[in-house]
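So this block is upload.txt, compact mmCIF, C-alpha atoms:
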# COMPACT_ATOMS: atom_id res chain seq x y z
CA MET A 1 77.53 -36.18 -150.54
CA SER A 2 74.26 -34.72 -149.33
CA GLU A 3 73.29 -35.34 -145.76
CA ASP A 4 69.64 -36.11 -146.36
CA ASN A 5 69.68 -39.71 -147.40
CA ARG A 6 72.41 -42.05 -146.49
CA ASN A 7 70.18 -45.08 -146.52
CA PHE A 8 70.06 -47.68 -149.21
CA GLU A 9 67.42 -50.21 -150.15
CA LEU A 10 67.92 -53.59 -148.62
CA LYS A 11 66.08 -56.67 -149.77
CA ILE A 12 66.57 -60.16 -148.44
CA ILE A 13 64.88 -62.92 -150.36
CA THR A 14 64.77 -66.63 -149.71
CA PRO A 15 63.32 -69.35 -151.93
CA ASP A 16 60.12 -69.22 -149.86
CA ARG A 17 59.51 -65.61 -148.98
CA THR A 18 60.75 -62.07 -148.90
CA PHE A 19 62.57 -62.10 -145.61
CA PHE A 20 63.21 -58.39 -145.26
CA GLU A 21 62.49 -55.37 -147.38
CA GLY A 22 63.24 -51.82 -146.35
CA GLU A 23 65.84 -49.14 -145.87
CA ALA A 24 69.08 -49.63 -144.05
CA PHE A 25 72.03 -47.47 -143.15
CA MET A 26 74.51 -50.29 -142.91
CA VAL A 27 74.50 -54.03 -143.26
CA GLU A 28 77.19 -56.41 -142.00
CA PHE A 29 77.81 -60.09 -142.66
CA ASN A 30 80.45 -62.73 -143.30
CA THR A 31 81.70 -63.49 -146.78
CA THR A 32 84.16 -66.00 -148.13
CA GLU A 33 86.71 -63.18 -148.17
CA GLY A 34 86.04 -62.05 -144.61
CA GLN A 35 83.59 -59.95 -142.68
CA ILE A 36 82.31 -56.86 -144.44
CA GLY A 37 80.09 -53.90 -143.69
CA ILE A 38 78.30 -52.06 -146.45
CA TYR A 39 77.17 -48.45 -146.61
CA LYS A 40 75.50 -46.61 -149.42
CA ASN A 41 77.51 -46.07 -152.61
CA HIS A 42 79.54 -49.20 -152.34
CA ILE A 43 81.05 -50.31 -155.64
CA PRO A 44 78.90 -52.88 -157.46
CA MET A 45 79.93 -56.30 -156.32
CA THR A 46 78.67 -59.82 -155.86
CA VAL A 47 79.97 -61.72 -152.84
CA ILE A 48 79.36 -65.17 -151.45
CA VAL A 49 78.05 -65.57 -147.93
CA LYS A 50 79.76 -67.53 -145.21
CA PRO A 51 77.69 -68.56 -142.18
CA GLY A 52 77.54 -65.78 -139.64
CA VAL A 53 75.50 -63.09 -138.01
CA LEU A 54 73.80 -60.61 -140.30
CA THR A 55 73.36 -57.18 -138.74
CA ILE A 56 71.04 -54.63 -140.28
CA THR A 57 71.47 -51.10 -138.97
CA GLY A 58 68.54 -48.91 -139.85
CA GLU A 59 66.07 -47.19 -137.58
CA GLU A 60 66.79 -50.03 -135.24
CA VAL A 61 69.43 -52.72 -135.20
CA ARG A 62 68.23 -56.14 -136.22
CA LYS A 63 70.14 -59.36 -136.29
CA ALA A 64 69.59 -62.60 -138.13
CA ALA A 65 71.42 -65.88 -138.62
CA LEU A 66 72.55 -66.04 -142.22
CA HIS A 67 73.77 -69.50 -143.19
CA SER A 68 74.28 -69.47 -146.91
CA GLY A 69 73.58 -67.51 -150.03
CA PHE A 70 75.10 -64.63 -151.92
CA VAL A 71 74.76 -60.88 -152.04
CA GLU A 72 74.44 -58.47 -154.90
CA ILE A 73 75.66 -55.02 -153.96
CA LEU A 74 74.74 -51.99 -156.07
CA GLN A 75 75.28 -48.35 -155.17
CA ASP A 76 71.84 -47.73 -153.74
CA ARG A 77 70.54 -51.24 -153.47
CA VAL A 78 71.68 -54.43 -151.77
CA THR A 79 70.00 -57.74 -152.45
CA ILE A 80 70.75 -60.75 -150.32
CA LEU A 81 69.77 -64.06 -151.84
CA ALA A 82 69.70 -66.21 -148.77
CA GLU A 83 69.25 -69.93 -149.02
CA VAL A 84 68.89 -70.27 -145.28
CA ILE A 85 68.29 -67.35 -142.93
CA GLU A 86 66.48 -67.00 -139.62
CA TRP A 87 65.31 -64.24 -137.30
CA PRO A 88 66.32 -64.72 -133.67
CA ASP A 89 62.76 -65.56 -132.64
CA GLU A 90 62.71 -68.42 -135.11
CA ILE A 91 65.69 -70.09 -133.48
CA ASP A 92 65.38 -72.73 -130.80
CA LEU A 93 68.31 -72.14 -128.44
CA ASP A 94 68.17 -75.57 -126.79
CA ARG A 95 68.18 -77.28 -130.11
CA ALA A 96 71.10 -75.23 -131.33
CA GLU A 97 73.10 -75.99 -128.20
CA ASN A 98 72.39 -79.68 -128.48
CA ALA A 99 73.44 -79.62 -132.10
CA LYS A 100 76.62 -77.81 -131.17
CA GLU A 101 77.54 -80.41 -128.54
CA ARG A 102 76.78 -83.23 -130.89
CA ALA A 103 78.88 -81.74 -133.66
CA GLU A 104 81.77 -81.01 -131.33
CA LYS A 105 81.72 -84.55 -130.07
CA LEU A 106 81.73 -85.92 -133.58
CA ILE A 107 84.64 -83.73 -134.55
CA SER A 108 86.71 -84.53 -131.46
CA GLU A 109 86.15 -88.26 -131.84
CA HIS A 110 87.16 -88.00 -135.46
CA ALA A 111 85.81 -91.43 -136.34
CA ALA A 112 86.42 -92.69 -139.84
CA THR A 113 82.71 -93.01 -140.48
CA THR A 114 81.80 -89.38 -139.76
CA ASP A 115 81.47 -86.94 -142.55
CA MET A 116 83.80 -84.24 -141.26
CA ALA A 117 82.64 -81.55 -143.66
CA ARG A 118 79.09 -82.12 -142.62
CA ALA A 119 79.86 -82.12 -138.92
CA GLU A 120 81.80 -78.90 -139.28
CA ALA A 121 79.00 -77.30 -141.25
CA SER A 122 76.48 -78.23 -138.61
CA LEU A 123 78.77 -76.93 -135.86
CA LYS A 124 79.05 -73.63 -137.69
CA ARG A 125 75.30 -73.41 -138.13
CA ALA A 126 74.71 -74.06 -134.46
CA MET A 127 77.31 -71.50 -133.42
CA THR A 128 75.81 -68.87 -135.71
CA ARG A 129 72.40 -69.47 -134.22
CA ILE A 130 73.71 -69.22 -130.68
CA SER A 131 75.66 -66.05 -131.36
CA VAL A 132 72.59 -64.35 -132.84
CA LEU A 133 70.67 -65.00 -129.67
CA LYS A 134 73.38 -63.76 -127.35
CA MET B 1 15.78 -102.49 -172.22
CA ALA B 2 17.39 -102.43 -168.82
CA SER B 3 15.07 -103.03 -165.92
CA MET B 4 14.17 -100.29 -163.49
CA ARG B 5 16.22 -101.89 -160.78
CA ASP B 6 19.36 -102.04 -162.92
CA ILE B 7 19.05 -98.41 -163.87
CA LYS B 8 18.53 -97.39 -160.29
CA ARG B 9 21.56 -99.32 -159.14
CA ARG B 10 23.73 -97.78 -161.83
CA LYS B 11 22.55 -94.32 -160.98
CA GLY B 12 23.41 -94.90 -157.35
CA SER B 13 26.93 -96.01 -158.14
CA ILE B 14 27.53 -93.02 -160.40
CA GLN B 15 26.21 -90.74 -157.72
CA SER B 16 28.66 -92.04 -155.15
CA THR B 17 31.51 -91.71 -157.65
CA GLN B 18 30.42 -88.16 -158.26
CA GLN B 19 30.58 -87.44 -154.56
CA ILE B 20 34.16 -88.64 -154.48
CA THR B 21 35.23 -86.62 -157.51
CA LYS B 22 33.51 -83.56 -156.11
CA ALA B 23 35.34 -83.89 -152.81
CA MET B 24 38.65 -84.43 -154.60
CA LYS B 25 38.02 -81.35 -156.67
CA LEU B 26 37.44 -79.26 -153.57
CA VAL B 27 40.55 -80.59 -151.89
CA SER B 28 42.76 -79.93 -154.88
CA THR B 29 41.30 -76.45 -155.31
CA VAL B 30 42.39 -75.56 -151.81
CA LYS B 31 45.78 -77.16 -152.32
CA LEU B 32 46.15 -75.34 -155.60
CA GLN B 33 45.59 -71.97 -153.96
CA ARG B 34 48.25 -72.70 -151.42
CA SER B 35 50.83 -74.06 -153.83
CA LYS B 36 50.16 -71.28 -156.31
CA GLN B 37 51.03 -68.73 -153.66
CA ARG B 38 54.23 -70.57 -152.87
CA ALA B 39 55.18 -70.70 -156.51
CA LEU B 40 54.68 -66.94 -156.75
CA ASN B 41 56.74 -66.32 -153.63
CA SER B 42 59.69 -68.24 -154.98
CA LYS B 43 59.69 -66.44 -158.34
CA ALA B 44 61.54 -63.38 -157.01
CA TYR B 45 64.41 -65.46 -155.72
CA PHE B 46 64.70 -67.38 -158.92
CA ASN B 47 64.65 -64.29 -161.13
CA TYR B 48 67.49 -62.73 -159.20
CA MET B 49 69.43 -65.92 -159.36
CA PHE B 50 69.02 -66.04 -163.10
CA LYS B 51 70.16 -62.45 -163.53
CA THR B 52 73.25 -63.00 -161.42
CA ILE B 53 74.32 -66.08 -163.35
CA GLN B 54 73.68 -64.15 -166.53
CA SER B 55 75.99 -61.29 -165.60
CA MET B 56 78.54 -63.70 -164.22
CA LEU B 57 78.70 -65.71 -167.43
CA ALA B 58 78.78 -62.54 -169.51
CA LYS B 59 81.75 -61.33 -167.54
CA SER B 60 83.58 -64.57 -167.18
CA GLY B 61 84.17 -64.75 -170.94
CA THR B 62 85.82 -67.96 -171.97
CA ILE B 63 86.66 -69.61 -168.68
CA SER B 64 86.59 -73.36 -168.90
CA HIS B 65 85.10 -74.37 -165.60
CA PRO B 66 83.68 -77.90 -165.75
CA PHE B 67 80.23 -76.50 -164.89
CA VAL B 68 80.30 -74.67 -168.20
CA ALA B 69 82.59 -76.82 -170.33
CA GLY B 70 81.21 -80.21 -169.38
CA ASN B 71 83.13 -83.44 -168.93
CA GLU B 72 83.77 -86.63 -170.85
CA SER B 73 81.05 -88.86 -169.45
CA GLU B 74 78.25 -90.01 -171.74
CA ARG B 75 75.91 -90.62 -168.83
CA LYS B 76 73.06 -88.21 -168.36
CA ALA B 77 71.21 -87.84 -165.12
CA VAL B 78 67.57 -86.91 -165.52
CA ILE B 79 65.54 -85.58 -162.63
CA VAL B 80 61.86 -86.19 -163.32
CA ILE B 81 59.10 -84.75 -161.21
CA THR B 82 55.71 -86.45 -161.31
CA GLY B 83 53.01 -86.96 -158.74
CA ASN B 84 52.80 -89.74 -156.21
CA ARG B 85 49.15 -90.22 -157.07
CA GLY B 86 47.13 -90.53 -160.21
CA LEU B 87 43.70 -89.15 -161.10
CA ALA B 88 45.19 -85.93 -162.35
CA GLY B 89 44.32 -86.10 -166.03
CA GLY B 90 47.35 -86.14 -168.26
CA TYR B 91 49.63 -84.59 -165.66
CA ASN B 92 51.86 -87.60 -165.00
CA SER B 93 51.85 -89.14 -168.44
CA ASN B 94 52.66 -85.86 -170.19
CA VAL B 95 55.95 -85.48 -168.33
CA ILE B 96 56.84 -89.13 -168.79
CA LYS B 97 56.07 -89.03 -172.50
CA MET B 98 58.13 -85.89 -172.92
CA VAL B 99 61.19 -87.54 -171.39
CA MET B 100 60.75 -90.69 -173.46
CA ARG B 101 60.44 -88.70 -176.67
CA SER B 102 63.18 -86.22 -175.86
CA GLY B 103 65.56 -87.91 -178.27
CA LEU B 104 68.10 -88.68 -175.54
CA ASN B 105 69.58 -92.14 -175.83
CA LYS B 106 67.78 -94.43 -173.39
CA GLU B 107 70.94 -96.39 -172.52
CA ASP B 108 72.75 -93.25 -171.38
CA LEU B 109 70.07 -92.09 -169.00
CA LEU B 110 70.04 -92.43 -165.26
CA MET B 111 66.68 -91.53 -163.79
CA TYR B 112 66.39 -89.62 -160.52
CA THR B 113 62.69 -89.75 -159.91
CA ILE B 114 60.67 -87.53 -157.66
CA GLY B 115 57.19 -89.01 -157.69
CA LYS B 116 56.04 -92.63 -157.65
CA LYS B 117 54.14 -92.47 -160.92
CA GLY B 118 57.21 -91.55 -162.88
CA ARG B 119 59.29 -94.20 -161.19
CA GLU B 120 56.78 -96.91 -162.00
CA ALA B 121 56.54 -95.85 -165.62
CA PHE B 122 60.29 -95.68 -166.22
CA ASN B 123 60.80 -98.95 -164.45
CA ARG B 124 58.22 -100.57 -166.72
CA HIS B 125 59.96 -99.25 -169.80
CA GLY B 126 63.34 -100.55 -168.70
CA TYR B 127 65.07 -97.28 -167.89
CA GLN B 128 67.92 -97.33 -165.44
CA LEU B 129 66.79 -95.94 -162.12
CA ALA B 130 68.90 -94.14 -159.55
CA GLU B 131 67.72 -93.21 -156.09
CA ASP B 132 64.10 -92.47 -155.44
CA TYR B 133 63.12 -89.11 -153.99
CA SER B 134 59.36 -89.52 -154.12
CA PRO B 135 58.58 -88.39 -150.56
CA MET B 136 60.10 -84.99 -151.38
CA ILE B 137 57.17 -83.93 -153.51
CA GLU B 138 54.71 -84.29 -150.62
CA ALA B 139 56.15 -81.22 -148.92
CA PRO B 140 58.79 -79.49 -151.05
CA ASP B 141 61.56 -78.17 -148.90
CA TYR B 142 64.59 -76.20 -149.96
CA VAL B 143 66.89 -78.35 -147.85
CA ASP B 144 65.74 -81.45 -149.78
CA ALA B 145 66.52 -79.74 -153.05
CA MET B 146 69.97 -78.85 -151.76
CA ARG B 147 70.63 -82.44 -150.76
CA LEU B 148 69.60 -83.86 -154.13
CA CYS B 149 71.64 -81.16 -155.81
CA SER B 150 74.79 -82.00 -153.88
CA VAL B 151 74.42 -85.72 -154.64
CA LEU B 152 74.22 -84.94 -158.34
CA LEU B 153 77.00 -82.37 -158.33
CA ASN B 154 79.37 -84.76 -156.60
CA LYS B 155 78.72 -87.33 -159.29
CA TYR B 156 79.17 -84.68 -161.92
CA LYS B 157 82.46 -83.55 -160.46
CA ALA B 158 83.68 -87.12 -160.18
CA GLY B 159 82.94 -87.58 -163.87
CA GLU B 160 80.31 -90.26 -163.31
CA ILE B 161 77.70 -88.23 -165.11
CA GLY B 162 78.26 -85.77 -167.91
CA GLU B 163 74.97 -83.94 -168.07
CA ILE B 164 72.14 -83.16 -165.74
CA TRP B 165 68.63 -82.72 -167.13
CA PHE B 166 65.50 -81.68 -165.36
CA ALA B 167 61.93 -82.51 -166.35
CA PHE B 168 58.92 -81.08 -164.58
CA THR B 169 55.57 -79.47 -165.29
CA ALA B 170 55.79 -75.70 -165.38
CA PHE B 171 52.86 -73.81 -163.95
CA LYS B 172 51.70 -71.07 -166.32
CA ASN B 173 48.32 -70.42 -164.78
CA THR B 174 45.48 -72.37 -163.23
CA VAL B 175 44.39 -73.99 -166.47
CA SER B 176 47.65 -74.26 -168.37
CA HIS B 177 50.58 -76.38 -167.31
CA GLU B 178 53.45 -77.16 -169.57
CA PRO B 179 55.75 -80.16 -169.36
CA THR B 180 59.24 -78.72 -169.52
CA MET B 181 62.63 -80.31 -169.93
CA MET B 182 65.83 -78.36 -169.50
CA LYS B 183 69.52 -78.97 -169.22
CA LEU B 184 70.94 -77.85 -165.89
CA LEU B 185 74.57 -78.77 -166.37
CA PRO B 186 76.81 -78.05 -168.12
CA VAL B 187 75.40 -74.57 -168.19
CA ASP B 188 74.27 -73.53 -171.62
CA ARG B 189 75.68 -70.09 -172.31
CA ASP B 190 73.10 -69.29 -174.97
CA GLU B 191 70.29 -69.56 -172.49
CA PHE B 192 71.87 -66.82 -170.45
CA LYS B 193 72.49 -64.34 -173.24
CA PRO B 194 71.59 -60.94 -171.83
CA ASP B 195 68.57 -59.63 -173.69
CA GLY B 196 69.33 -56.13 -174.88
CA GLU B 197 70.38 -53.08 -172.95
CA GLU B 198 69.53 -54.34 -169.53
CA ASP B 199 73.14 -54.23 -168.52
CA GLU B 200 73.60 -52.07 -165.45
CA ALA B 201 76.80 -51.02 -163.75
CA PRO B 202 79.69 -53.40 -164.29
CA MET B 203 79.65 -56.04 -161.60
CA ASN B 204 82.68 -57.13 -159.63
CA PHE B 205 82.93 -60.55 -158.15
CA GLU B 206 84.58 -61.47 -154.96
CA PRO B 207 85.97 -64.11 -155.10
CA ALA B 208 86.81 -63.87 -158.81
CA GLU B 209 84.31 -65.09 -161.42
CA ASP B 210 85.46 -68.67 -161.78
CA GLU B 211 85.54 -69.26 -158.05
CA ALA B 212 82.22 -67.51 -157.63
CA LEU B 213 80.85 -69.71 -160.38
CA GLU B 214 81.93 -72.78 -158.47
CA LEU B 215 79.98 -71.56 -155.44
CA ILE B 216 76.95 -70.04 -157.08
CA ILE B 217 76.14 -72.71 -159.67
CA PRO B 218 75.18 -75.27 -157.00
CA LYS B 219 72.85 -72.69 -155.49
CA TYR B 220 71.42 -72.06 -158.93
CA VAL B 221 70.81 -75.76 -159.55
CA ALA B 222 69.24 -76.21 -156.14
CA SER B 223 66.97 -73.24 -156.68
CA ILE B 224 65.79 -74.58 -160.03
CA ILE B 225 65.07 -77.97 -158.51
CA TYR B 226 63.18 -76.35 -155.67
CA GLY B 227 61.29 -74.01 -157.99
CA GLY B 228 60.47 -76.94 -160.24
CA MET B 229 59.09 -78.93 -157.34
CA ILE B 230 56.87 -76.08 -156.23
CA GLU B 231 55.58 -75.46 -159.72
CA ALA B 232 55.04 -79.17 -160.26
CA VAL B 233 52.94 -79.38 -157.10
CA ALA B 234 50.86 -76.43 -158.25
CA SER B 235 50.47 -77.99 -161.69
CA GLU B 236 49.51 -81.35 -160.23
CA ASN B 237 46.78 -79.83 -158.14
CA GLY B 238 45.62 -77.72 -161.05
CA ALA B 239 45.50 -80.74 -163.32
CA ARG B 240 43.67 -82.79 -160.72
CA MET B 241 41.19 -80.01 -160.15
CA GLN B 242 40.42 -79.84 -163.85
CA ALA B 243 40.20 -83.61 -164.20
CA MET B 244 37.89 -83.92 -161.23
CA ASP B 245 35.79 -81.02 -162.41
CA SER B 246 35.13 -82.65 -165.75
CA ALA B 247 34.58 -86.02 -164.06
CA THR B 248 31.96 -84.41 -161.83
CA SER B 249 30.16 -82.79 -164.72
CA ASN B 250 30.33 -86.02 -166.74
CA ALA B 251 28.74 -87.83 -163.83
CA GLU B 252 26.09 -85.13 -163.71
CA GLU B 253 25.31 -85.72 -167.37
CA MET B 254 25.13 -89.49 -166.96
CA ILE B 255 22.86 -89.17 -163.97
CA GLY B 256 20.57 -86.95 -166.03
CA LYS B 257 20.41 -89.51 -168.81
CA LEU B 258 19.80 -92.36 -166.42
CA THR B 259 17.07 -90.45 -164.62
CA LEU B 260 15.32 -89.96 -167.93
CA GLN B 261 15.69 -93.65 -168.75
CA TYR B 262 14.47 -94.61 -165.31
CA ASN B 263 11.38 -92.44 -165.61
CA ARG B 264 10.63 -93.85 -169.05
CA ALA B 265 11.00 -97.38 -167.75
CA ARG B 266 8.74 -96.56 -164.79
CA GLN B 267 6.10 -95.06 -167.04
CA GLY B 268 6.39 -97.99 -169.40
CA SER B 269 5.81 -100.46 -166.61
CA ILE B 270 2.79 -98.51 -165.30
CA THR B 271 1.30 -98.37 -168.79
CA GLN B 272 1.89 -102.05 -169.18
CA GLU B 273 0.25 -102.87 -165.86
CA LEU B 274 -2.74 -100.74 -166.76
CA THR B 275 -3.12 -102.43 -170.13
CA GLU B 276 -2.94 -105.79 -168.42
CA ILE B 277 -5.59 -104.87 -165.85
CA ILE B 278 -7.91 -103.46 -168.48
CA ALA B 279 -7.41 -106.50 -170.66
CA GLY B 280 -8.12 -108.74 -167.67
CA ALA B 281 -11.30 -106.82 -166.80
CA GLN B 282 -12.51 -107.00 -170.38
CA ALA B 283 -11.91 -110.73 -170.46
CA ILE B 284 -14.07 -111.22 -167.36
CA SER B 285 -17.01 -109.13 -168.49

Target format structure tokens, applied to this file:
Amino acid sequence: MSEDNRNFELKIITPDRTFFEGEAFMVEFNTTEGQIGIYKNHIPMTVIVKPGVLTITGEEVRKAALHSGFVEILQDRVTILAEVIEWPDEIDLDRAENAKERAEKLISEHAATTDMARAEASLKRAMTRISVLK
Amino acid sequence: MASMRDIKRRKGSIQSTQQITKAMKLVSTVKLQRSKQRALNSKAYFNYMFKTIQSMLAKSGTISHPFVAGNESERKAVIVITGNRGLAGGYNSNVIKMVMRSGLNKEDLLMYTIGKKGREAFNRHGYQLAEDYSPMIEAPDYVDAMRLCSVLLNKYKAGEIGEIWFAFTAFKNTVSHEPTMMKLLPVDRDEFKPDGEEDEAPMNFEPAEDEALELIIPKYVASIIYGGMIEAVASENGARMQAMDSATSNAEEMIGKLTLQYNRARQGSITQELTEIIAGAQAIS
């Protein structure tokens, strides 16, 4: 493999906007099958996102909170279709921490009226947000 | 012939109506610009989504996932997007008419309405209404679309509804908007036939196709609902802009006619007065 270009094209699109477009050396995120990191020349694959931190390694390292979506991986191009994704500066830490406490309380109380799946999802969202900021 | 005063009063009332329609036109023009941009922004996401589903269905062959195969239920859920307000030309009634004439059996339908106008119309015609989502159209949000989508998918999975249809007004360009009705679930394979040699490298799926289908189809449905909402908002503003534009120019025309009539009446009355004075003077002399 030639040394000159080990970058691939990375595009992150959401229903509202193009979130990121540019070159990247590596991109990491959570999938339903576990955490993965992708370099150039990965085999073509489509994976489903699990909430977690998305790390883009290019000229600089950028992080984002990726909550849901799926990813199409081609050899020289990766496209992330993100339903919900946020840059760190779009996240309100206080709000996330409050949400985390609330969700934890709901889960520990385990009342019959609470929607457990929903509480867990909101806990995960809050934790993703917090871990992006830290 | 109407008196001068009557004509003047009428002209005044038309003028104030014209001011309103003019203002509404300006407002909807601005809103149209904004919603048009949003509709354009969301196109990229939707196109990718479509392509992915396409390659997934092409690869998955003959799997019989309920999202593709359908279930037993006769009930059909129909999501209909209209506006919350009128004065938009044929915008609302075109969508409503399309649903009513779609050939689907009225008794089987369960209406999920987004938009007050549609809800009122279907209620009047005795359709069975499900929840109302009218406030959603005021500020379309992806999270709202996801919520509606999960409500419907749960019903679909539980076998309470057998098909999900979606009716909205597609935004072609500023002057042309097309009422569109499509079946969301079960997914129609024919609609996703790959067109020609576009096929790139063979795609792997992780998890395997049927599991991926289970996870991606809800995202696909939500994205169509969201895209539909955005396009519908753009169409509504476009339709209102056109309607208000022609209302304004109609008012202009009427004012012109009335001004002419008014001037004639004024002249007529002056002529009459003159004749009377002259006649009076002649009688004295």

Six-sided padding of 5 Å per side, axis-aligned box over region 48-52 of chain B, centre and edges in Å, one decimal, as lines of an AutoDock Vina configuration file:
center_x = 70.4
center_y = -64.2
center_z = -161.4
size_x = 15.8
size_y = 13.6
size_z = 14.3

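The two atoms in question, CA of Ala82 (chain A) and CA of Lys11 (chain A), are spaced 10.3 Å apart.
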
**Item:** Residue among B:Gln128, B:Asn84, B:Asn237, B:Ser35 lying closest to chain A, counting only C-alpha atoms
**Value:**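 Distance minimum relative to chain A lands on B:Ser35.
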
Dump as JSON lines the rows for residues of chain A within 9 Å of chain B: closest atom pair and distance in Å with one decimal, all atoms listed in the file counted, ordered by chain and rising residue number.
{"residue": "A:Ile13", "atom": "CA", "partner": "B:Tyr45", "partner_atom": "CA", "distance": 5.9}
{"residue": "A:Thr14", "atom": "CA", "partner": "B:Tyr45", "partner_atom": "CA", "distance": 6.1}
{"residue": "A:Pro15", "atom": "CA", "partner": "B:Ser42", "partner_atom": "CA", "distance": 4.9}
{"residue": "A:Asp16", "atom": "CA", "partner": "B:Ser42", "partner_atom": "CA", "distance": 5.2}
{"residue": "A:Arg17", "atom": "CA", "partner": "B:Asn41", "partner_atom": "CA", "distance": 5.5}
{"residue": "A:Thr18", "atom": "CA", "partner": "B:Asn41", "partner_atom": "CA", "distance": 7.5}
{"residue": "A:Thr31", "atom": "CA", "partner": "B:Glu206", "partner_atom": "CA", "distance": 8.9}
{"residue": "A:Thr32", "atom": "CA", "partner": "B:Pro207", "partner_atom": "CA", "distance": 7.4}
{"residue": "A:Glu33", "atom": "CA", "partner": "B:Pro207", "partner_atom": "CA", "distance": 7.0}
{"residue": "A:Ile43", "atom": "CA", "partner": "B:Asn204", "partner_atom": "CA", "distance": 8.1}
{"residue": "A:Pro44", "atom": "CA", "partner": "B:Met203", "partner_atom": "CA", "distance": 5.3}
{"residue": "A:Met45", "atom": "CA", "partner": "B:Asn204", "partner_atom": "CA", "distance": 4.4}
{"residue": "A:Thr46", "atom": "CA", "partner": "B:Phe205", "partner_atom": "CA", "distance": 4.9}
{"residue": "A:Val47", "atom": "CA", "partner": "B:Glu206", "partner_atom": "CA", "distance": 5.1}
{"residue": "A:Ile48", "atom": "CA", "partner": "B:Ala212", "partner_atom": "CA", "distance": 7.2}
{"residue": "A:Gly69", "atom": "CA", "partner": "B:Lys219", "partner_atom": "CA", "distance": 7.6}
{"residue": "A:Phe70", "atom": "CA", "partner": "B:Ile216", "partner_atom": "CA", "distance": 7.7}
{"residue": "A:Glu72", "atom": "CA", "partner": "B:Thr52", "partner_atom": "CA", "distance": 8.0}
{"residue": "A:Ile73", "atom": "CA", "partner": "B:Met203", "partner_atom": "CA", "distance": 8.7}
{"residue": "A:Leu74", "atom": "CA", "partner": "B:Ala201", "partner_atom": "CA", "distance": 8.0}
{"residue": "A:Thr79", "atom": "CA", "partner": "B:Tyr48", "partner_atom": "CA", "distance": 8.8}
{"residue": "A:Leu81", "atom": "CA", "partner": "B:Tyr45", "partner_atom": "CA", "distance": 6.8}
{"residue": "A:Ala82", "atom": "CA", "partner": "B:Tyr45", "partner_atom": "CA", "distance": 8.8}
{"residue": "A:Glu83", "atom": "CA", "partner": "B:Tyr142", "partner_atom": "CA", "distance": 7.9}
{"residue": "A:Val84", "atom": "CA", "partner": "B:Tyr142", "partner_atom": "CA", "distance": 8.7}

**Item:** Distance query Ala64 (chain A) at most 9 Å, all atoms listed in the file, self and fewer than 6 positions along chain excluded, as an NGL selection string
**Value:** :A and (52-56 or 85-88 or 129 or 132-133)

**Request:** Provide the CA of Lys25 (chain B) to CA of Met241 (chain B) distance in Å, to one decimal place.
**Result:** 4.9 Å
